[in-house]
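**Student:** Submitted below is the structure of interest, expressed as structure tokens.
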Amino acid sequence: MAHSLSAKKRIRQTEKRNARNRARKGQVKEAVKSFTAALTAGNLDEARTQFKAVTSRLGRIADHGTIHKNAAARRRSRLAKRLNAAAAKTGQA
């Protein structure tokens, strides 16, 4: 247990930050799930809309420092690759 005031404050700040980061990561997971659902259903228009939402959210949480910028870029790239593969498969490139 922390004894000094500064250590106690650090604990409070860390708890708040962790909660905020967990919430942000959860929002990204939900966005990715909706993108994947649209993609597996074969609804490319909806998948494109969800892709824009996911990439926007990824960029924002990377700017806040919740995830690294390169990690966000990597996820964005992988999702784009899946979307492009589905579009090529259906002939709607």
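Going by the structure tokens order, chains are called A, B, ..., each with residues numbered from 1, while ligands are numbered from 1 in the order shown.
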Mind checking which residues fall within 12 Å of A:Gly26, counting only C-alpha atoms, ignoring those fewer than 6 positions away in the same chain, and posting them as number ranges by chain?
**Tutor:** A: 19-20, 32-33, 54, 57-58, 61, 66
**Student:** Rank nothing, just name the residue among A:Lys81, A:Asn43, A:Arg24, A:Glu30 nearest to A:Asp63, using only C-alpha atoms.
**Tutor:**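 The closest residue to A:Asp63 is A:Arg24.
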**Student:** Would you please extract all alpha helix (DSSP H) residues from chain A, as assigned by DSSP on the backbone, and give them as an MDAnalysis selection string?
**Tutor:** chainID A and resid 5:40 44:64 69:90
**Student:** What does the structure give for the distance between atom CA of A:Ala37 and atom CA of A:Arg78, in Å to one decimal?
**Tutor:**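 For atom CA of A:Ala37 relative to atom CA of A:Arg78, the distance reads 15.7 Å.
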**Student:** Near A:Arg74, counting only C-alpha atoms, which residues have an atom at most 12 Å away, once you skip same-chain residues fewer than 4 positions from it, shown as a PyMOL selection string?
**Tutor:** chain A and resi 55+58-59+62+67-70+78-81
**Student:** Counting only C-alpha atoms, what is within 12 Å of A:Ala2, bar same-chain residues fewer than 6 positions away, as a PDB file with C-alpha atoms, in the first residue's frame?
**Tutor:**
```pdb
ATOM      1  CA  LYS A   8      -1.529   7.643  -3.548  1.00  0.00           C
ATOM      2  CA  LYS A   9      -2.235  10.225  -6.238  1.00  0.00           C
ATOM      3  CA  ARG A  10      -0.369   8.098  -8.775  1.00  0.00           C
ATOM      4  CA  ILE A  11      -2.606   5.132  -7.889  1.00  0.00           C
ATOM      5  CA  ARG A  12      -5.724   7.262  -8.399  1.00  0.00           C
TER       6      ARG A  12
END
```
**Student:** Check the smallest atom-to-atom distance from each of A:Arg48, A:Arg17, A:Lys25, A:Lys89 to A:Ala72 using only C-alpha atoms, then report the winner.
**Tutor:**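 Closest to A:Ala72, using only C-alpha atoms: A:Lys25.
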**Student:** Between atom CA of A:Ser34 and atom CA of A:Asn21, what is the distance in Å, rounded to a tenth?
**Tutor:**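 Atom CA of A:Asn21 lies 20.2 Å from atom CA of A:Ser34.
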**Student:** Compare A:Val28, A:Ala88, A:Ala41, A:Ala47 by their minimum atom-to-atom distance to A:Arg75, counting only C-alpha atoms, and give me the closest one.
**Tutor:**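 Comparing A:Val28, A:Ala88, A:Ala41, A:Ala47 against A:Arg75, the winner is A:Val28.
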